[in-house]
Amino acid sequence: MDPKLSGETGPEAGLDDGDPAAKKQLLLCAEFSAVASCDAAVARRYLAENAWETERALNAYFEPGAEEGAVPRRPETPPAPASCVDLTNEETTDPISSKRSTPGNLQQEDGSMFSLITWNIDGLDINNLRERAQGVCSSLALYNPDVVFLQEVIPPYYSFLKKRASSYEIITGHDEGYFTAIMLKKSRVKFKSQEIIPFPNTAMMRNLLCVHASVSGNELCLMTSHLESTRGHAKERMNQFKVVLKKMQEAPESTTVIFAGDTNLRDQEVTKCGGLPSNIADVWELLGKPKHCQYTWDTQMNSNLGIRATCKHRFDRIFFRAAAQGGHIIPQSLDLLGLEKLDCGRFPSDHWGLLCTLDVIL
């Protein structure tokens with residue numbers, strides 16, 4: 001939820017304002033160590049021997065020889081193969097393939113169902129990052145969504161996803177710091193174009209990522225954002241929300257528009273913005289406000305942040321605008337993801353993910 005890059009406990013803690021190159025190298029080492037679960041010395045060695053390119057260095061670490069010029073060495077104590085969630089081999093080891101006989105997947109194969117996940121994956125928390133990333137990938141393998149909307153992605157996490165989820169095309173809202181991403185299942189969703197709408201007054205590197213695509217002959221405009229965090233930035237957050245609504249309204253009438261992301265919105269802020277336009281629905285409200293998935297940020301149930309006070313918010317939301325020609329895509333259900341602790345004793349994120357299924361009328 002919060003912009004942790006500015007905190008005292010993140011990867012920048014303890015760094016002074018000296019040599020910028022040295023500072024960047026320290027940050028790269030911290031990020032690499034978090035993803036690879038290795039010490040700083042191993043991280044520095046792989047980065048230095050791979051021109052300080054994070055993706056290339058991670059490739060050398062996990063799969064030596066996979067990249068041209070990569071250092072063909074593994075650390076002395078590599079992670080056990082069973083600990084890696086591999087989404088890249090659908091014919092053999094991919095857990096997705098084992099679900100093909102289930103009723104839900106039969107529906108999805110004939111095009112009558114469309115599913116999406118939105119999740120703030122908390123990449124800014126580098127503690128247990130690799131285990132938590134594997135937990136997110138496990139959910140992708142289990143639910144096999146057509147589209148995934150992610151917030152708080154960092155470059156090493158992005159590199160991890162590109163290797164573990166190669167059946168998806170990944171479009172990002174930035175390539176530095178932390179950013180959003182939209183993942184499209186290559187076998188189902190056809191990518192057409194993308195655009196990034198800047199938020200000129202953001203203090204937290206936020207923007208609006210839009211992807212134009214199609215599924216089963218239906219035109220889609222897919223949007224995600226991580227609106228400004230904390231109560232003190234409510235004014236800027238509401239201005240960003242107005243930009244989102246305006247962009248949703250501007251999409252062609254023949255297009256189904258779906259926004260999904262970490263809005264950080266409070267209900268009274270939506271009211272102050274004038275509420276939702278008549279042709280845009282909050283999916284949670286549209287489905288009857290189901291109690292089981294009301295709160296996506298819940299410090300009573302989720303202990304990742306170690307907050308003693310009980311805070312419950314519906315920060316993560318999905319907004320839907322149907323195509324004018326009729327209800328070709330109709331939201332049907334909503335559930336929370338990431339509710340079980342991992343072996344490391346933490347949840348995949350401090351946010352719960354949202355899984356939404358929609359009917360496609362052929």
# chains A, B, ... in the order shown; residues from 1 in each chain; ligands from 1

call {"tool": "select_by_dssp", "arguments": {"residues": "stretch 91-330 of chain A", "states": "strand (DSSP E or B)", "output": "ChimeraX atom specification"}}
result
/A:113-120,147-153,168-172,179-185,190-198,207-215,218-226,256-262,281-282,297-298,312-313,316-321,329-330

call {"tool": "closest_atom_pairs", "arguments": {"of": "stretch 269-313 of chain A", "to": "stretch 222-246 of chain A", "cutoff": "9 Å", "atoms": "only C-alpha atoms", "output": "CSV"}}
result
residue,atom,partner,partner_atom,distance
A:Glu269,CA,A:Met238,CA,6.6
A:Val270,CA,A:Met238,CA,7.6
A:Lys272,CA,A:Met238,CA,8.3
A:Cys273,CA,A:Met238,CA,6.7
A:Leu276,CA,A:Leu245,CA,7.9
A:Pro277,CA,A:Leu245,CA,8.0
A:Ile280,CA,A:Leu245,CA,8.3

call {"tool": "residues_around", "arguments": {"residues": "A:Tyr157", "least_positions_apart": "2", "cutoff": "9 Å", "atoms": "only C-alpha atoms", "output": "list in words"}}
result
Glu31, Val35, Gly123, Leu129, Arg130, Ala133, Val153, Ile154, Pro155, Ser159, Phe160, Leu161 and Lys162 of chain A

call {"tool": "residues_around", "arguments": {"residues": "A:Asn127", "least_positions_apart": "4", "cutoff": "12 Å", "atoms": "only C-alpha atoms", "output": "MDAnalysis selection string"}}
result
chainID A and resid 9:11 30:37 122:123 131:133 304:305 344:350

call {"tool": "residues_around", "arguments": {"residues": "A:Phe320", "least_positions_apart": "3", "cutoff": "7 Å", "atoms": "only C-alpha atoms", "output": "ChimeraX atom specification"}}
result
/A:257-259,280-283

call {"tool": "residues_around", "arguments": {"residues": "A:Tyr143", "least_positions_apart": "2", "cutoff": "9 Å", "atoms": "only C-alpha atoms", "output": "mmCIF file with N, CA, C and O atoms, in the first residue's frame"}}
result
data_model
loop_
_atom_site.group_PDB
_atom_site.id
_atom_site.type_symbol
_atom_site.label_atom_id
_atom_site.label_comp_id
_atom_site.auth_asym_id
_atom_site.auth_seq_id
_atom_site.Cartn_x
_atom_site.Cartn_y
_atom_site.Cartn_z
ATOM 1 N N ILE A 96 -0.512 -26.096 -14.569
ATOM 2 C CA ILE A 96 -1.704 -25.706 -15.306
ATOM 3 C C ILE A 96 -2.257 -26.883 -16.100
ATOM 4 O O ILE A 96 -3.461 -27.092 -16.192
ATOM 5 N N LYS A 99 -4.902 -29.287 -14.748
ATOM 6 C CA LYS A 99 -6.256 -28.828 -14.475
ATOM 7 C C LYS A 99 -7.143 -28.858 -15.715
ATOM 8 O O LYS A 99 -8.287 -28.444 -15.667
ATOM 9 N N SER A 115 -11.172 -14.997 -17.221
ATOM 10 C CA SER A 115 -10.804 -14.776 -15.822
ATOM 11 C C SER A 115 -9.634 -13.816 -15.715
ATOM 12 O O SER A 115 -8.789 -13.725 -16.616
ATOM 13 N N ILE A 117 -6.893 -11.822 -12.631
ATOM 14 C CA ILE A 117 -6.396 -11.643 -11.269
ATOM 15 C C ILE A 117 -5.791 -10.251 -11.167
ATOM 16 O O ILE A 117 -5.086 -9.807 -12.082
ATOM 17 N N SER A 138 2.435 -19.762 -7.981
ATOM 18 C CA SER A 138 1.597 -20.932 -7.689
ATOM 19 C C SER A 138 0.126 -20.608 -7.942
ATOM 20 O O SER A 138 -0.627 -21.437 -8.465
ATOM 21 N N SER A 139 -0.287 -19.405 -7.570
ATOM 22 C CA SER A 139 -1.675 -19.000 -7.813
ATOM 23 C C SER A 139 -1.951 -18.853 -9.303
ATOM 24 O O SER A 139 -3.029 -19.224 -9.782
ATOM 25 N N LEU A 140 -0.986 -18.342 -10.058
ATOM 26 C CA LEU A 140 -1.166 -18.237 -11.503
ATOM 27 C C LEU A 140 -1.316 -19.627 -12.117
ATOM 28 O O LEU A 140 -2.143 -19.843 -13.008
ATOM 29 N N ALA A 141 -0.503 -20.565 -11.627
ATOM 30 C CA ALA A 141 -0.589 -21.934 -12.142
ATOM 31 C C ALA A 141 -1.918 -22.592 -11.780
ATOM 32 O O ALA A 141 -2.512 -23.313 -12.579
ATOM 33 N N PRO A 145 -5.313 -17.687 -15.041
ATOM 34 C CA PRO A 145 -6.116 -16.551 -15.514
ATOM 35 C C PRO A 145 -5.718 -16.122 -16.922
ATOM 36 O O PRO A 145 -4.587 -16.340 -17.367
ATOM 37 N N LEU A 355 -9.497 -12.606 -7.581
ATOM 38 C CA LEU A 355 -9.758 -13.429 -8.758
ATOM 39 C C LEU A 355 -11.187 -13.157 -9.212
ATOM 40 O O LEU A 355 -12.137 -13.336 -8.446
#

call {"tool": "residues_around", "arguments": {"residues": "A:Asn120", "least_positions_apart": "3", "cutoff": "7 Å", "atoms": "only C-alpha atoms", "output": "VMD selection string"}}
result
chain A and resid 150 to 152 262 351

call {"tool": "closest_residue", "arguments": {"among": "A:Phe199, A:Phe114, A:Tyr295, A:Tyr178", "to": "A:Ser333", "atoms": "only C-alpha atoms"}}
result
A:Phe114

call {"tool": "closest_residue", "arguments": {"among": "A:Leu208, A:Ala322, A:Met248, A:Ala213", "to": "A:Arg188", "atoms": "only C-alpha atoms"}}
result
A:Ala213

call {"tool": "select_by_dssp", "arguments": {"residues": "stretch 163-308 of chain A", "states": "helix (DSSP H, G or I)", "output": "PyMOL selection string"}}
result
chain A and resi 163-164+231-250+267-272+283-286+291-293

call {"tool": "closest_residue", "arguments": {"among": "A:Ser278, A:Gly111, A:Leu339, A:Glu253", "to": "A:Cys293", "atoms": "only C-alpha atoms"}}
result
A:Leu339

call {"tool": "decode", "arguments": {"residues": "stretch 120-133 of chain A", "atoms": "all heavy atoms", "output": "PDB file, in the first residue's frame"}}
result
ATOM      1  N   ASN A 120      -1.616  -6.554  -5.729  1.00  0.00           N
ATOM      2  CA  ASN A 120      -0.439  -5.778  -5.326  1.00  0.00           C
ATOM      3  C   ASN A 120       0.499  -6.786  -4.663  1.00  0.00           C
ATOM      4  O   ASN A 120       0.246  -7.254  -3.551  1.00  0.00           O
ATOM      5  CB  ASN A 120      -0.805  -4.659  -4.358  1.00  0.00           C
ATOM      6  CG  ASN A 120       0.401  -3.843  -3.909  1.00  0.00           C
ATOM      7  OD1 ASN A 120       1.512  -4.358  -3.749  1.00  0.00           O
ATOM      8  ND2 ASN A 120       0.198  -2.552  -3.686  1.00  0.00           N
ATOM      9  N   ILE A 121       1.598  -7.124  -5.341  1.00  0.00           N
ATOM     10  CA  ILE A 121       2.458  -8.213  -4.897  1.00  0.00           C
ATOM     11  C   ILE A 121       3.541  -7.760  -3.925  1.00  0.00           C
ATOM     12  O   ILE A 121       4.360  -8.569  -3.494  1.00  0.00           O
ATOM     13  CB  ILE A 121       3.091  -8.923  -6.101  1.00  0.00           C
ATOM     14  CG1 ILE A 121       3.825  -7.923  -6.996  1.00  0.00           C
ATOM     15  CG2 ILE A 121       2.011  -9.680  -6.879  1.00  0.00           C
ATOM     16  CD1 ILE A 121       4.557  -8.555  -8.164  1.00  0.00           C
ATOM     17  N   ASP A 122       3.569  -6.479  -3.579  1.00  0.00           N
ATOM     18  CA  ASP A 122       4.458  -5.965  -2.530  1.00  0.00           C
ATOM     19  C   ASP A 122       5.928  -6.287  -2.814  1.00  0.00           C
ATOM     20  O   ASP A 122       6.656  -6.771  -1.956  1.00  0.00           O
ATOM     21  CB  ASP A 122       4.045  -6.534  -1.168  1.00  0.00           C
ATOM     22  CG  ASP A 122       4.676  -5.755  -0.002  1.00  0.00           C
ATOM     23  OD1 ASP A 122       5.118  -4.616  -0.217  1.00  0.00           O
ATOM     24  OD2 ASP A 122       4.712  -6.298   1.118  1.00  0.00           O
ATOM     25  N   GLY A 123       6.356  -5.985  -4.038  1.00  0.00           N
ATOM     26  CA  GLY A 123       7.750  -6.212  -4.385  1.00  0.00           C
ATOM     27  C   GLY A 123       8.724  -5.334  -3.626  1.00  0.00           C
ATOM     28  O   GLY A 123       9.921  -5.638  -3.573  1.00  0.00           O
ATOM     29  N   LEU A 124       8.232  -4.266  -3.026  1.00  0.00           N
ATOM     30  CA  LEU A 124       9.109  -3.372  -2.275  1.00  0.00           C
ATOM     31  C   LEU A 124       9.555  -3.978  -0.947  1.00  0.00           C
ATOM     32  O   LEU A 124      10.516  -3.506  -0.344  1.00  0.00           O
ATOM     33  CB  LEU A 124       8.404  -2.030  -2.028  1.00  0.00           C
ATOM     34  CG  LEU A 124       8.141  -1.206  -3.288  1.00  0.00           C
ATOM     35  CD1 LEU A 124       7.371   0.061  -2.940  1.00  0.00           C
ATOM     36  CD2 LEU A 124       9.431  -0.868  -3.997  1.00  0.00           C
ATOM     37  N   ASP A 125       8.851  -4.988  -0.487  1.00  0.00           N
ATOM     38  CA  ASP A 125       9.278  -5.724   0.705  1.00  0.00           C
ATOM     39  C   ASP A 125      10.197  -6.847   0.233  1.00  0.00           C
ATOM     40  O   ASP A 125       9.745  -7.853  -0.308  1.00  0.00           O
ATOM     41  CB  ASP A 125       8.058  -6.291   1.431  1.00  0.00           C
ATOM     42  CG  ASP A 125       8.431  -7.119   2.656  1.00  0.00           C
ATOM     43  OD1 ASP A 125       9.642  -7.222   2.965  1.00  0.00           O
ATOM     44  OD2 ASP A 125       7.514  -7.674   3.291  1.00  0.00           O
ATOM     45  N   ILE A 126      11.512  -6.688   0.433  1.00  0.00           N
ATOM     46  CA  ILE A 126      12.454  -7.678  -0.101  1.00  0.00           C
ATOM     47  C   ILE A 126      12.611  -8.898   0.807  1.00  0.00           C
ATOM     48  O   ILE A 126      13.306  -9.842   0.449  1.00  0.00           O
ATOM     49  CB  ILE A 126      13.826  -7.043  -0.380  1.00  0.00           C
ATOM     50  CG1 ILE A 126      14.495  -6.570   0.927  1.00  0.00           C
ATOM     51  CG2 ILE A 126      13.698  -5.905  -1.372  1.00  0.00           C
ATOM     52  CD1 ILE A 126      15.928  -6.107   0.727  1.00  0.00           C
ATOM     53  N   ASN A 127      11.986  -8.889   1.970  1.00  0.00           N
ATOM     54  CA  ASN A 127      12.073 -10.043   2.867  1.00  0.00           C
ATOM     55  C   ASN A 127      11.288 -11.223   2.290  1.00  0.00           C
ATOM     56  O   ASN A 127      10.124 -11.087   1.922  1.00  0.00           O
ATOM     57  CB  ASN A 127      11.526  -9.685   4.257  1.00  0.00           C
ATOM     58  CG  ASN A 127      12.363  -8.630   4.945  1.00  0.00           C
ATOM     59  OD1 ASN A 127      13.591  -8.730   4.991  1.00  0.00           O
ATOM     60  ND2 ASN A 127      11.713  -7.588   5.459  1.00  0.00           N
ATOM     61  N   ASN A 128      11.955 -12.379   2.201  1.00  0.00           N
ATOM     62  CA  ASN A 128      11.342 -13.605   1.666  1.00  0.00           C
ATOM     63  C   ASN A 128      10.768 -13.385   0.270  1.00  0.00           C
ATOM     64  O   ASN A 128       9.771 -14.018  -0.108  1.00  0.00           O
ATOM     65  CB  ASN A 128      10.223 -14.108   2.598  1.00  0.00           C
ATOM     66  CG  ASN A 128      10.660 -14.265   4.030  1.00  0.00           C
ATOM     67  OD1 ASN A 128      10.255 -13.484   4.893  1.00  0.00           O
ATOM     68  ND2 ASN A 128      11.503 -15.245   4.293  1.00  0.00           N
ATOM     69  N   LEU A 129      11.395 -12.511  -0.497  1.00  0.00           N
ATOM     70  CA  LEU A 129      10.799 -12.125  -1.775  1.00  0.00           C
ATOM     71  C   LEU A 129      10.709 -13.299  -2.747  1.00  0.00           C
ATOM     72  O   LEU A 129       9.704 -13.453  -3.449  1.00  0.00           O
ATOM     73  CB  LEU A 129      11.589 -10.976  -2.404  1.00  0.00           C
ATOM     74  CG  LEU A 129      10.980 -10.364  -3.661  1.00  0.00           C
ATOM     75  CD1 LEU A 129       9.580  -9.821  -3.378  1.00  0.00           C
ATOM     76  CD2 LEU A 129      11.863  -9.253  -4.213  1.00  0.00           C
ATOM     77  N   ARG A 130      11.725 -14.119  -2.778  1.00  0.00           N
ATOM     78  CA  ARG A 130      11.682 -15.230  -3.727  1.00  0.00           C
ATOM     79  C   ARG A 130      10.577 -16.216  -3.370  1.00  0.00           C
ATOM     80  O   ARG A 130       9.822 -16.671  -4.238  1.00  0.00           O
ATOM     81  CB  ARG A 130      13.031 -15.946  -3.762  1.00  0.00           C
ATOM     82  CG  ARG A 130      13.067 -17.035  -4.814  1.00  0.00           C
ATOM     83  CD  ARG A 130      14.459 -17.608  -4.976  1.00  0.00           C
ATOM     84  NE  ARG A 130      14.445 -18.699  -5.934  1.00  0.00           N
ATOM     85  CZ  ARG A 130      15.076 -19.837  -5.770  1.00  0.00           C
ATOM     86  NH1 ARG A 130      15.780 -20.045  -4.684  1.00  0.00           N
ATOM     87  NH2 ARG A 130      15.025 -20.772  -6.688  1.00  0.00           N
ATOM     88  N   GLU A 131      10.462 -16.549  -2.078  1.00  0.00           N
ATOM     89  CA  GLU A 131       9.404 -17.479  -1.666  1.00  0.00           C
ATOM     90  C   GLU A 131       8.022 -16.889  -1.957  1.00  0.00           C
ATOM     91  O   GLU A 131       7.108 -17.605  -2.376  1.00  0.00           O
ATOM     92  CB  GLU A 131       9.524 -17.802  -0.177  1.00  0.00           C
ATOM     93  CG  GLU A 131      10.775 -18.591   0.190  1.00  0.00           C
ATOM     94  CD  GLU A 131      11.938 -17.700   0.608  1.00  0.00           C
ATOM     95  OE1 GLU A 131      12.023 -16.543   0.125  1.00  0.00           O
ATOM     96  OE2 GLU A 131      12.770 -18.162   1.402  1.00  0.00           O
ATOM     97  N   ARG A 132       7.901 -15.598  -1.723  1.00  0.00           N
ATOM     98  CA  ARG A 132       6.602 -14.953  -1.953  1.00  0.00           C
ATOM     99  C   ARG A 132       6.290 -14.883  -3.452  1.00  0.00           C
ATOM    100  O   ARG A 132       5.135 -15.051  -3.865  1.00  0.00           O
ATOM    101  CB  ARG A 132       6.573 -13.575  -1.309  1.00  0.00           C
ATOM    102  CG  ARG A 132       6.646 -13.648   0.222  1.00  0.00           C
ATOM    103  CD  ARG A 132       6.367 -12.309   0.898  1.00  0.00           C
ATOM    104  NE  ARG A 132       7.368 -11.304   0.607  1.00  0.00           N
ATOM    105  CZ  ARG A 132       7.186 -10.245  -0.172  1.00  0.00           C
ATOM    106  NH1 ARG A 132       6.021 -10.063  -0.782  1.00  0.00           N
ATOM    107  NH2 ARG A 132       8.156  -9.371  -0.357  1.00  0.00           N
ATOM    108  N   ALA A 133       7.320 -14.644  -4.278  1.00  0.00           N
ATOM    109  CA  ALA A 133       7.114 -14.637  -5.728  1.00  0.00           C
ATOM    110  C   ALA A 133       6.677 -16.018  -6.212  1.00  0.00           C
ATOM    111  O   ALA A 133       5.802 -16.148  -7.079  1.00  0.00           O
ATOM    112  CB  ALA A 133       8.387 -14.193  -6.430  1.00  0.00           C
TER     113      ALA A 133
END
